[in-house]
Number of protein chains: 4
Amino acid sequence: MDYVNGPGRNHLFVPGPVNIPDQVIRAMSRNNEDYRSPAIPALTKTLLEDVKKIFKTTSGTPFLIPTTGTGAWESALTNTLSPGDRIVSFLIGQFSLLWIDQQQRLNFNVDVVESEWGQGANLEALASKLAEDKAHTIKAICIVHNETATGVTNNLVTVRKILDQYSHPALLLVDGVSSICAIDFRMDEWGVDVALTGSQKALSLPTGIGIVCASPKAIEASKSAKSVRVFFDWKDYLKFYNLGTYWPYTPSIQLLYGLRAALDLLFEEGLDNVITRHNRLATATRMAVEAWGLKNCTQKEEWHSDTVTAVVVPGYIDSSEIVRRAWKRYNLCLGLGLNKVAGKVFRIGHLGNLNELQLLGCLGGVEMVLKDVGYPVKLGSGIAAAAAYLQNTTPLIPSRI
Amino acid sequence: MDYVNGPGRNHLFVPGPVNIPDQVIRAMSRNNEDYRSPAIPALTKTLLEDVKKIFKTTSGTPFLIPTTGTGAWESALTNTLSPGDRIVSFLIGQFSLLWIDQQQRLNFNVDVVESEWGQGANLEALASKLAEDKAHTIKAICIVHNETATGVTNNLVTVRKILDQYSHPALLLVDGVSSICAIDFRMDEWGVDVALTGSQKALSLPTGIGIVCASPKAIEASKSAKSVRVFFDWKDYLKFYNLGTYWPYTPSIQLLYGLRAALDLLFEEGLDNVITRHNRLATATRMAVEAWGLKNCTQKEEWHSDTVTAVVVPGYIDSSEIVRRAWKRYNLCLGLGLNKVAGKVFRIGHLGNLNELQLLGCLGGVEMVLKDVGYPVKLGSGIAAAAAYLQNTTPLIPSRI
Amino acid sequence: MDYVNGPGRNHLFVPGPVNIPDQVIRAMSRNNEDYRSPAIPALTKTLLEDVKKIFKTTSGTPFLIPTTGTGAWESALTNTLSPGDRIVSFLIGQFSLLWIDQQQRLNFNVDVVESEWGQGANLEALASKLAEDKAHTIKAICIVHNETATGVTNNLVTVRKILDQYSHPALLLVDGVSSICAIDFRMDEWGVDVALTGSQKALSLPTGIGIVCASPKAIEASKSAKSVRVFFDWKDYLKFYNLGTYWPYTPSIQLLYGLRAALDLLFEEGLDNVITRHNRLATATRMAVEAWGLKNCTQKEEWHSDTVTAVVVPGYIDSSEIVRRAWKRYNLCLGLGLNKVAGKVFRIGHLGNLNELQLLGCLGGVEMVLKDVGYPVKLGSGIAAAAAYLQNTTPLIPSRI
Amino acid sequence: MDYVNGPGRNHLFVPGPVNIPDQVIRAMSRNNEDYRSPAIPALTKTLLEDVKKIFKTTSGTPFLIPTTGTGAWESALTNTLSPGDRIVSFLIGQFSLLWIDQQQRLNFNVDVVESEWGQGANLEALASKLAEDKAHTIKAICIVHNETATGVTNNLVTVRKILDQYSHPALLLVDGVSSICAIDFRMDEWGVDVALTGSQKALSLPTGIGIVCASPKAIEASKSAKSVRVFFDWKDYLKFYNLGTYWPYTPSIQLLYGLRAALDLLFEEGLDNVITRHNRLATATRMAVEAWGLKNCTQKEEWHSDTVTAVVVPGYIDSSEIVRRAWKRYNLCLGLGLNKVAGKVFRIGHLGNLNELQLLGCLGGVEMVLKDVGYPVKLGSGIAAAAAYLQNTTPLIPSRI
């Protein structure tokens with residue numbers, strides 16, 4: 001039963017789940033195995049070692065939890081904090097909102113620092129709060145590196161600087177769901193205590209692994225954190241790490257082999273090249289948006305996200321109609337506007353295993369849809385702008401024969 | 001990178017994860033899709049409707065949670081109970097032990113009713129406790145339908161009878177991880193309040209979906225249950241069920257299509273035929289064990305599990321060596337003895353998508369391994385016993401041309 | 001070992017082998033089966049029945065030969081003709097040239113009617129030859145429906161009219177390799193005696209089945225044809241058709257299941273809708289070529305092919321460099337110019353399982369490559385022209401939910 | 001549409017097509033590619049180099065023809081011989097019969113040397129013929145290395161000795177369809193001029209490549225051979241080998257990647273280990289047959305085939321019923337008796353990617369079927385005999401962790 005029909009490929013340009021490379025689909029097309037045989041621990045060992053590289057950490061401890069990003073959030077919070085703990089959290093869009101909702105339901109005491117949707121985290125407010133907090137009542141700073149709903153990337157270097165400026169010991173917990181492996185992220189250098197992502201994002205796998213990485217300070221905090229947790233408890237993982245069998249409960253064999261293949265591809269292309277490619281495709285997308293005469297939801301260039309672009313449509317157009325029509329007419333999947341920006345923006349995900357011509361096809365589709373819904377776009381204008389940039393910047397593929 | 005080498009097929013006879021039918025592997029070999037497009041909700045709707053059939057419920061509400069059995073346990077407990085709640089739980093082997101550990105860590109007040117490993121739940125103790133509990137301080141009975149570590153199946157009909165006898169309102173929470181779809185299970189008829197299984201067990205999928213089904217009484221309980229939960233909270237699912245978009249967070253597209261294929265296969269064969277087939281293969285296995293002169297870990301016939309057989313080895317043999325050697329020499333995966341029965345039993349899983357000749361191959365392998373490790377087995381004896389039974393009972397495959 | 005690297009998808013726009021739909025890839029991802037079991041004949045029966053529909057024949061007899069288009073040619077010729085037989089054959093490009101080479105090596109007496117490359121078959125010459133041939137020494141007319149090297153489609157209706165006008169009994173043998181399933185083809189209505197295609201063309205399968213369909217007249221001719229043949233002999237197929245086991249030698253199990261899936265998809269979309277889609281994508285491509293200021297190799301509109309467009313480049317550019325660079329820089333596969341048009345044309349295949357946005361991506365890639373090699377293309381110009389046409393003509397996908 | 005239903009795996013024990021390793025199925029689960037891009041020639045180059053190893057030749061020239069074994073036969077004959085050429089050919093079973101039929105239909109002058117079915121080639125007759133043929137009118141000796149219908153392996157060393165003894169220049173053409181990669185074969189050492197096999201046999205791939213290897217003497221002969229051929233003509237291949245593009249017409253991309261994976265697996269296990277494994281499984285099978293009290297169709301031990309065992313059933317049993325019932329009841333595919341031995345033998349293929357436990361499952365199935373059809377087999381007897389042998393001889397899998 002295939003619900004997505006129509007000839008040709010589906011054009012998947014939501015900011016997750018993203019396109020899976022064929023090599024990874026192949027690697028995952030397999031039967032189950034006994035995860036207590038010697039093979040799976042041996043495989044897991046390579047994964048835990050290599051996954052640290054995507055966080056740019058050598059001192060961190062990674063956990064490959066059979067869950068989603070939401071579960072990864074919960075793992076990060078419950079392992080490091082106790083009920084009632086004060087935390088500072090930035091509300092800048094739907095995903096930071098959802099994380100804050102989780103923080104509150106987990107009984108933390110959340111200082112919500114809100115920005116207009118389309119803006120980055122208000123780091124001046126952070127500075128004030130830290131300045132005032134001589135007693136170190138703030139136990140953690142929670143920040144979304146890249147807000148998927150608005151296409152805003154927060155500046156983590158500045159966050160770290162502010163923490164250092166006030167020598168504040170708060171833990172720094174970062175949601176890197178739509179950034180890690182696609183936007184520069186440096187766990188050790190930036191002093192991040194817990195970083196996390198999901199397999200279905202820039203790693204270009206199916207949903208199913210919440211990838212969490214904890215600094216030594218976070219591991220230390222987990223020893224005294226009083227939040228109730230069992231499934232998400234790092235302690236059980238650490239126990240099985242010590243045993244060399246690695247898994248407190250059954251992992252997905254297919255995702256482990258898929259992760260191996262995904263990491264191999266990532267390292268073959270080169271993590272920094274992957275990040276550069278995301279920037280190249282994102283820049284081309286932004287040029288197209290400008291050429292169409294439309295506004296980027298992100299209000300300043302410094303916040304521009306390299307993994308998703310939220311495009312503001314004129315008031316007389318319902319952006320949901322753009323998304324619906326793209327799907328029904330052109331087999332193109334775009335992201336909806338969510339919550340405060342519902343109906344006002346649509347989103348182009350340019351995340352994961354993509355290349356230039358895929359993006360041009362998507363941009364062509366967006367142009368046709370815009371015309372379909374009555375926006376007076378000049379067909380070809382956005383693509384021309386994107387192609388001009390890409391034609392100057394696309395490298396030869398080095399691994400080609 | 002394939003760690004399992006050697007020519008020919010891997011013979012997977014652990015009690016999970018189990019063999020995946022080729023049709024399901026094919027159905028899952030696919031790219032990601034946008035789970036907010038109309039396709040995935042339409043697919044999900046059929047799954048939620050059909051998955052109720054495997055629980056034999058019409059009034060239950062199913063949840064397909066991106067997690068493992070451990071997570072499904074946690075979902076069942078935290079949605080229906082509040083910290084400090086008194087529950088009765090039966091310890092009869094490693095998996096009931098782990099569930100009890102979770103119950104305690106989640107701050108419930110657990111009356112542990114322990115049996116010798118190899119025996120079923122002590123239901124007389126249950127009767128006493130209920131008889132005494134006039135005040136209805138017991139909020140839930142937690143029982144493992146089939147204890148995977150010892151191959152013991154508990155009698156849920158009796159549990160229900162005892163509850164009814166004392167008109168006790170306690171919730172009945174059942175771990176059906178290694179029973180549902182393989183051993184007769186009737187949620188509505190038996191008045192089960194929460195039943196759960198994992199995708200990698202009798203449904204013969206990869207790990208990744210914790211399948212939980214809640215009775216109306218359990219749903220009602222969830223409205224006042226005070227256990228802290230977010231990722232596992234049914235409320236978020238119910239909200240999205242009402243919206244018709246179904247998913248509070250990202251599901252695995254591949255597992256949804258896989259579940260569709262698995263259910264289609266299951267209904268094609270017929271759920272009752274599947275259960276009969278499990279009984280037939282289990283009976284053949286038990287006959288082989290007897291022919292080898294070995295003891296079944298399960299102490300009485302009424303507890304014999306139709307999904308896994310734990311075989312006790314003589315004291316002079318380390319059962320772990322059997323498992324190790326089966327893997328290294330014959331590409332055969334058997335289950336280890338766990339905890340109290342470590343080194344003393346090995347386990348043959350006969351669970352999921354299997355047929356007669358696969359089982360005979362496994363039994364042949366076990367015989368050779370037994371000889372390898374010095375047990376004076378008569379080669380062919382177990383297979384002869386199993387084959388005699390199977391030759392009399394195996395049906396013609398009705399769907400054949 | 002994957003030789004094609006680089007991130008994202010390969011953009012396959014050669015006129016064969018073409019993109020395989022995911023459903024077909026999945027259907028083929030399977031183990032071998034016993035082709036003498038009842039299953040494979042049952043499957044084959046449906047294939048032989050349904051494959052006639054793609055030829056639009058009810059009286060024809062199809063053969064699914066484990067070979068390529070070249071083998072299908074040989075099968076068509078050797079089963080219907082005897083050494084020394086006079087045939088008329090049209091040379092209009094590389095593939096008709098290769099077929100004529102085969103005809104000559106098989107010892108037929110070939111009247112070669114040559115046209116300039118870029119023109120269709122000279123049907124006036126055919127008329128003259130038939131007019132003169134009162135003795136009916138001409139035994140067959142061999143014509144390529146669609147010449148893949150130049151993007152020229154011949155008019156078979158006219159061929160049939162001329163044959164009828166002279167009441168000439170010559171067999172009409174048609175190479176439909178790059179037309180059938182994509183360009184209107186009517187075996188019965190047009191009185192075609194042998195038609196053939198290859199699985200890797202519009203059927204969108206891997207290479208491996210030469211699909212040949214013979215009219216009753218051709219079957220009759222095969223009884224007296226003296227060309228030596230064994231592997232390609234229809235007689236052996238007919239014998240096994242009668243036995244109901246269908247296969248004189250081992251077929252590819254995977255291709256049979258793949259063909260089933262491909263036909264299912266084809267009929268689901270509707271053969272006429274598929275043909276219309278090919279025309280729509282081809283028209284858009286031709287508009288792009290015109291917008292780029294480049295010439296179509298096909299000299300008249302009546303010959304324009306709906307499956308491949310050969311684009312003439314200015315004399316100062318080597319078209320091979322375009323193809324090389326498209327591959328190395330943009331992961332785009334275009335067709336080389338062959339033989340007489342080597343270095344002078346490159347080819348865009350718009351054949352098989354494709355949709356609008358894939359084509360726009362390709363056209364964007366071609367624009368960038370043209371700029372790369374020094375042609376002063378206005379970026380976006382071709383896409384704008386194509387998108388304007390497609391935005392007006394693309395239907396909503398009816399099967400979408 | 002899956003015609004083979006029923007739970008669990010299909011047990012494929014026909015002597016071809018055989019079980020495909022999962023790694024190979026995965027490697028083939030892919031889209032088409034442009035075979036004129038640089039990637040496919042680079043891949044082909046490695047295949048042509050490595051495929052020589054399975055023939056144990058350094059001087060031979062291999063051809064990977066998109067065809068079946070029947071086509072490979074035709075390629076061997078038509079490229080080296082001219083119509084009317086005298087050849088000596090041995091009729092010992094159905095496949096040698098079919099090859100002789102082809103030889104006759106290709107207009108060669110065939111001296112058929114017939115043996116009783118179940119016996120090897122009559123090499124004394126060969127010696128006599130060569131002794132008499134002072135004029136060297138015999139141009140080729142055609143011999144099937146392993147007759148799949150009767151399970152008879154001919155002694156090629158003796159054939160070469162006889163040719164040498166008479167210093168006879170006849171070409172030695174060997175059908176290695178069911179031997180190469182499974183039974184010791186040494187093209188150079190034994191002076192074989194053309195050897196051939198099919199992808200769906202011991203290489204454990206789908207059907208679709210006829211693999212032919214020609215000695216320098218055969219290549220020389222091809223220059224003057226007058227048999228008409230185009231599709232099968234080595235000349236076209238050699239032309240494209242020289243160009244470095246390798247393919248005169250479109251290969252199956254999937255089979256090329258599959259062959260790469262199959263060769264990698266073969267070399268990883270070690271060709272000689274693979275041959276030893278075939279001998280081990282064949283010996284076990286023969287022991288089971290003996291234990292059942294049934295006769296091997298092969299009349300002398302020296303002819304015992306290590307890839308297929310033809311088992312003679314008592315006169316009161318129709319062997320076809322055994323095959324039918326094995327399929328319908330146990331999902332077990334056995335080979336039918338063909339032609340002269342139809343109804344009298346059934347065949348167990350133990351060829352390709354198989355291991356011990358798979359064979360034991362098959363033998364268990366055969367025992368149950370024998371009982372089903374009324375043969376008084378002692379259940380377990382054959383398996384006991386086979387297991388006793390295998391338990392002594394199966395090696396630890398060296399590549400295991």
# chains A, B, ... in the order shown; residues from 1 in each chain; ligands from 1
>>> select_by_dssp(residues="range 175-339 of chain A", states="strand (DSSP E)", output="ChimeraX atom specification")
/A:175,194-198,210-214,295-296,308-312,332-333
>>> write_last_selection(atoms="all heavy atoms", output="short mmCIF file (atom, residue, chain, number, x, y, z; two decimals), in the first residue's frame")
data_model
loop_
_atom_site.label_atom_id
_atom_site.label_comp_id
_atom_site.auth_asym_id
_atom_site.auth_seq_id
_atom_site.Cartn_x
_atom_site.Cartn_y
_atom_site.Cartn_z
N ASP A 175 19.58 22.02 22.00
CA ASP A 175 18.84 21.25 21.01
C ASP A 175 19.50 21.52 19.66
O ASP A 175 19.39 22.62 19.11
CB ASP A 175 17.37 21.72 21.01
CG ASP A 175 16.60 21.28 19.79
OD1 ASP A 175 17.22 20.95 18.75
OD2 ASP A 175 15.36 21.26 19.85
N VAL A 194 25.01 19.33 27.31
CA VAL A 194 24.28 18.26 26.62
C VAL A 194 23.87 18.77 25.25
O VAL A 194 23.29 19.86 25.14
CB VAL A 194 23.01 17.80 27.39
CG1 VAL A 194 22.41 16.58 26.69
CG2 VAL A 194 23.34 17.46 28.84
N ALA A 195 24.20 18.02 24.24
CA ALA A 195 23.79 18.35 22.88
C ALA A 195 23.00 17.16 22.37
O ALA A 195 23.25 16.01 22.77
CB ALA A 195 25.00 18.59 21.99
N LEU A 196 22.06 17.42 21.48
CA LEU A 196 21.24 16.30 21.01
C LEU A 196 20.74 16.56 19.60
O LEU A 196 20.59 17.70 19.17
CB LEU A 196 20.06 16.10 21.96
CG LEU A 196 19.09 17.28 22.15
CD1 LEU A 196 17.95 17.20 21.14
CD2 LEU A 196 18.56 17.26 23.57
N THR A 197 20.52 15.45 18.90
CA THR A 197 19.88 15.53 17.59
C THR A 197 19.07 14.26 17.36
O THR A 197 19.03 13.39 18.23
CB THR A 197 20.91 15.77 16.46
OG1 THR A 197 20.19 16.00 15.24
CG2 THR A 197 21.84 14.57 16.28
N GLY A 198 18.39 14.23 16.22
CA GLY A 198 17.58 13.06 15.88
C GLY A 198 18.06 12.46 14.57
O GLY A 198 18.55 13.17 13.69
N GLY A 210 17.36 8.95 19.08
CA GLY A 210 17.64 10.24 19.70
C GLY A 210 19.10 10.20 20.11
O GLY A 210 19.49 9.37 20.92
N ILE A 211 19.90 11.07 19.52
CA ILE A 211 21.34 11.03 19.75
C ILE A 211 21.69 12.15 20.72
O ILE A 211 21.51 13.32 20.41
CB ILE A 211 22.12 11.17 18.43
CG1 ILE A 211 21.63 10.10 17.45
CG2 ILE A 211 23.62 11.07 18.66
CD1 ILE A 211 22.13 10.26 16.06
N VAL A 212 22.14 11.75 21.89
CA VAL A 212 22.40 12.69 22.98
C VAL A 212 23.86 12.57 23.36
O VAL A 212 24.38 11.46 23.43
CB VAL A 212 21.51 12.34 24.20
CG1 VAL A 212 21.79 13.28 25.36
CG2 VAL A 212 20.03 12.38 23.82
N CYS A 213 24.50 13.69 23.58
CA CYS A 213 25.90 13.64 24.00
C CYS A 213 26.08 14.49 25.25
O CYS A 213 25.62 15.63 25.31
CB CYS A 213 26.80 14.14 22.87
SG CYS A 213 28.51 13.61 23.06
N ALA A 214 26.71 13.90 26.25
CA ALA A 214 26.83 14.55 27.56
C ALA A 214 28.28 14.85 27.88
O ALA A 214 29.14 13.98 27.74
CB ALA A 214 26.24 13.65 28.63
N LYS A 295 9.60 37.79 1.56
CA LYS A 295 10.43 38.03 2.73
C LYS A 295 10.80 36.73 3.45
O LYS A 295 9.98 35.82 3.56
CB LYS A 295 9.68 38.93 3.72
CG LYS A 295 10.03 40.40 3.57
CD LYS A 295 9.38 41.26 4.64
CE LYS A 295 9.33 40.58 6.02
NZ LYS A 295 8.53 41.38 6.98
N ASN A 296 12.02 36.71 3.93
CA ASN A 296 12.47 35.63 4.79
C ASN A 296 11.90 35.91 6.18
O ASN A 296 11.97 37.04 6.67
CB ASN A 296 14.01 35.66 4.83
CG ASN A 296 14.58 34.38 5.37
OD1 ASN A 296 14.09 33.86 6.37
ND2 ASN A 296 15.62 33.86 4.73
N VAL A 308 16.90 25.43 6.99
CA VAL A 308 15.49 25.64 6.62
C VAL A 308 15.25 27.14 6.43
O VAL A 308 15.81 27.96 7.16
CB VAL A 308 14.54 25.08 7.71
CG1 VAL A 308 14.82 25.65 9.07
CG2 VAL A 308 13.08 25.27 7.33
N THR A 309 14.46 27.45 5.40
CA THR A 309 14.10 28.83 5.15
C THR A 309 12.59 28.96 5.26
O THR A 309 11.85 28.26 4.55
CB THR A 309 14.57 29.26 3.74
OG1 THR A 309 15.99 29.16 3.69
CG2 THR A 309 14.14 30.69 3.42
N ALA A 310 12.16 29.82 6.16
CA ALA A 310 10.72 30.10 6.30
C ALA A 310 10.42 31.32 5.45
O ALA A 310 11.06 32.36 5.62
CB ALA A 310 10.37 30.33 7.76
N VAL A 311 9.48 31.19 4.54
CA VAL A 311 9.18 32.25 3.58
C VAL A 311 7.84 32.87 3.94
O VAL A 311 6.83 32.14 4.06
CB VAL A 311 9.13 31.68 2.14
CG1 VAL A 311 8.91 32.79 1.13
CG2 VAL A 311 10.40 30.89 1.84
N VAL A 312 7.82 34.15 4.10
CA VAL A 312 6.58 34.86 4.45
C VAL A 312 5.80 35.14 3.17
O VAL A 312 6.36 35.63 2.18
CB VAL A 312 6.90 36.19 5.16
CG1 VAL A 312 5.61 36.92 5.55
CG2 VAL A 312 7.78 35.94 6.38
N LEU A 332 5.63 17.66 -4.32
CA LEU A 332 6.63 18.44 -3.58
C LEU A 332 6.15 18.63 -2.15
O LEU A 332 5.04 19.09 -1.92
CB LEU A 332 6.80 19.81 -4.27
CG LEU A 332 7.61 20.88 -3.51
CD1 LEU A 332 9.06 20.47 -3.32
CD2 LEU A 332 7.54 22.21 -4.28
N CYS A 333 6.98 18.24 -1.20
CA CYS A 333 6.65 18.40 0.21
C CYS A 333 7.36 19.62 0.79
O CYS A 333 8.59 19.63 0.89
CB CYS A 333 7.03 17.16 1.01
SG CYS A 333 5.99 15.74 0.62
#
>>> residues_around(residues="Ala225 in chain C", least_positions_apart="6", cutoff="8 Å", atoms="only C-alpha atoms", output="MDAnalysis selection string")
chainID C and resid 78:82
>>> interface_residues(of="chain B", to="chain D", cutoff="8 Å", atoms="only C-alpha atoms", output="MDAnalysis selection string")
chainID B and resid 3:9 11 21 269 328:330 353:362 364:365 368:369 371:372 379:381 383:385 387:388 391 394:401
>>> residues_around(residues="range 245-247 of chain A", least_positions_apart="5", cutoff="8 Å", atoms="only C-alpha atoms", output="number ranges by chain")
A: 36, 41, 44, 237-240
>>> residues_around(residues="Gln102 in chain B", least_positions_apart="4", cutoff="9 Å", atoms="only C-alpha atoms", output="CSV table (one decimal) with all heavy atoms, in the first residue's frame")
chain,number,residue,atom,x,y,z
A,229,ARG,N,13.2,9.0,36.1
A,229,ARG,CA,13.5,8.5,34.8
A,229,ARG,C,13.9,7.1,34.8
A,229,ARG,O,14.6,6.7,35.8
A,229,ARG,CB,14.6,9.3,34.1
A,229,ARG,CG,15.9,9.2,34.8
A,229,ARG,CD,16.9,10.3,34.6
A,229,ARG,NE,18.2,10.1,35.2
A,229,ARG,CZ,18.5,10.6,36.4
A,229,ARG,NH1,17.6,11.3,37.1
A,229,ARG,NH2,19.7,10.4,36.9
A,230,VAL,N,13.5,6.3,33.9
A,230,VAL,CA,14.0,4.9,33.8
A,230,VAL,C,14.4,4.7,32.3
A,230,VAL,O,15.6,4.5,32.0
A,230,VAL,CB,13.0,3.9,34.2
A,230,VAL,CG1,13.6,2.5,34.1
A,230,VAL,CG2,12.6,4.1,35.7
A,231,PHE,N,13.4,4.7,31.4
A,231,PHE,CA,13.8,4.5,30.0
A,231,PHE,C,14.9,5.4,29.5
A,231,PHE,O,15.8,5.0,28.8
A,231,PHE,CB,12.5,4.7,29.1
A,231,PHE,CG,12.8,4.5,27.7
A,231,PHE,CD1,12.9,3.2,27.1
A,231,PHE,CD2,13.0,5.6,26.8
A,231,PHE,CE1,13.2,3.0,25.8
A,231,PHE,CE2,13.3,5.4,25.5
A,231,PHE,CZ,13.4,4.1,25.0
B,70,THR,N,10.7,-1.5,27.0
B,70,THR,CA,10.9,-0.8,28.2
B,70,THR,C,10.2,0.5,28.3
B,70,THR,O,9.6,0.9,29.3
B,70,THR,CB,12.4,-0.6,28.4
B,70,THR,OG1,13.1,-1.8,28.3
B,70,THR,CG2,12.8,0.1,29.7
B,73,TRP,N,6.5,-0.2,28.8
B,73,TRP,CA,6.2,-0.4,30.2
B,73,TRP,C,6.0,0.9,30.9
B,73,TRP,O,5.1,1.1,31.7
B,73,TRP,CB,7.4,-1.0,30.9
B,73,TRP,CG,7.6,-2.5,30.7
B,73,TRP,CD1,6.7,-3.5,30.3
B,73,TRP,CD2,8.8,-3.2,31.1
B,73,TRP,NE1,7.3,-4.7,30.4
B,73,TRP,CE2,8.6,-4.6,30.8
B,73,TRP,CE3,10.1,-2.8,31.5
B,73,TRP,CZ2,9.6,-5.6,31.0
B,73,TRP,CZ3,11.1,-3.8,31.7
B,73,TRP,CH2,10.8,-5.2,31.5
B,74,GLU,N,6.9,1.8,30.6
B,74,GLU,CA,6.9,3.1,31.3
B,74,GLU,C,5.7,3.9,30.9
B,74,GLU,O,5.0,4.6,31.8
B,74,GLU,CB,8.2,3.9,31.0
B,74,GLU,CG,8.4,5.2,31.8
B,74,GLU,CD,9.8,5.6,31.8
B,74,GLU,OE1,10.8,4.8,31.7
B,74,GLU,OE2,10.0,6.9,32.0
B,97,LEU,N,11.5,-9.0,36.6
B,97,LEU,CA,12.4,-8.3,37.5
B,97,LEU,C,12.7,-6.9,37.0
B,97,LEU,O,12.6,-6.0,37.8
B,97,LEU,CB,13.7,-9.1,37.6
B,97,LEU,CG,14.8,-8.5,38.4
B,97,LEU,CD1,14.5,-8.6,39.9
B,97,LEU,CD2,16.1,-9.2,38.1
B,98,LEU,N,13.0,-6.8,35.7
B,98,LEU,CA,13.3,-5.5,35.2
B,98,LEU,C,12.1,-4.6,35.2
B,98,LEU,O,12.2,-3.4,35.5
B,98,LEU,CB,13.8,-5.6,33.7
B,98,LEU,CG,15.2,-6.2,33.6
B,98,LEU,CD1,15.5,-6.5,32.1
B,98,LEU,CD2,16.2,-5.3,34.1
B,106,LEU,N,10.1,4.3,39.5
B,106,LEU,CA,9.1,5.3,39.2
B,106,LEU,C,8.3,5.7,40.5
B,106,LEU,O,7.3,6.3,40.4
B,106,LEU,CB,8.2,4.8,38.1
B,106,LEU,CG,8.8,4.7,36.7
B,106,LEU,CD1,7.9,4.0,35.7
B,106,LEU,CD2,9.2,6.1,36.1
B,107,ASN,N,8.8,5.2,41.6
B,107,ASN,CA,8.2,5.6,42.9
B,107,ASN,C,6.9,5.0,43.2
B,107,ASN,O,6.1,5.6,43.9
B,107,ASN,CB,8.2,7.1,43.0
B,107,ASN,CG,9.6,7.7,43.1
B,107,ASN,OD1,10.5,7.0,43.6
B,107,ASN,ND2,9.8,8.8,42.5
>>> atom_distance(atom1="CA of Trp303 in chain B", atom2="CA of Glu147 in chain B")
9.9 Å
>>> residues_around(residues="His168 in chain A", least_positions_apart="6", cutoff="9 Å", atoms="only C-alpha atoms", output="count of residues only")
7
>>> select_by_dssp(residues="range 75-280 of chain B", states="alpha helix (DSSP H)", output="NGL selection string")
:B and (75-80 or 94-105 or 123-132 or 156-165 or 216-222 or 234-243 or 253-269 or 271-280)
>>> residues_around(residues="Gly93 in chain C", least_positions_apart="3", cutoff="9 Å", atoms="only C-alpha atoms", output="PyMOL selection string")
chain C and resi 96-98+115-119+147-150+152+338-341
>>> atom_distance(atom1="CA of Gly258 in chain C", atom2="CA of Phe63 in chain D")
25.8 Å
>>> decode(residues="range 6-10 of chain C", atoms="N, CA, C and O atoms", output="PDB file, in the first residue's frame")
ATOM      1  N   GLY C   6      29.129  11.511  -4.210  1.00  0.00           N
ATOM      2  CA  GLY C   6      28.615  12.862  -4.081  1.00  0.00           C
ATOM      3  C   GLY C   6      27.284  12.810  -3.386  1.00  0.00           C
ATOM      4  O   GLY C   6      26.582  11.804  -3.459  1.00  0.00           O
ATOM      5  N   PRO C   7      26.943  13.901  -2.699  1.00  0.00           N
ATOM      6  CA  PRO C   7      25.696  13.917  -1.937  1.00  0.00           C
ATOM      7  C   PRO C   7      24.470  13.980  -2.848  1.00  0.00           C
ATOM      8  O   PRO C   7      24.556  14.421  -3.995  1.00  0.00           O
ATOM      9  N   GLY C   8      23.349  13.552  -2.312  1.00  0.00           N
ATOM     10  CA  GLY C   8      22.085  13.693  -3.027  1.00  0.00           C
ATOM     11  C   GLY C   8      21.925  12.685  -4.143  1.00  0.00           C
ATOM     12  O   GLY C   8      22.736  11.781  -4.327  1.00  0.00           O
ATOM     13  N   ARG C   9      20.864  12.863  -4.883  1.00  0.00           N
ATOM     14  CA  ARG C   9      20.502  11.890  -5.895  1.00  0.00           C
ATOM     15  C   ARG C   9      21.284  12.084  -7.180  1.00  0.00           C
ATOM     16  O   ARG C   9      21.632  13.195  -7.543  1.00  0.00           O
ATOM     17  N   ASN C  10      21.467  10.993  -7.867  1.00  0.00           N
ATOM     18  CA  ASN C  10      21.926  11.049  -9.243  1.00  0.00           C
ATOM     19  C   ASN C  10      20.738  11.466 -10.107  1.00  0.00           C
ATOM     20  O   ASN C  10      19.629  10.982  -9.926  1.00  0.00           O
TER      21      ASN C  10
END
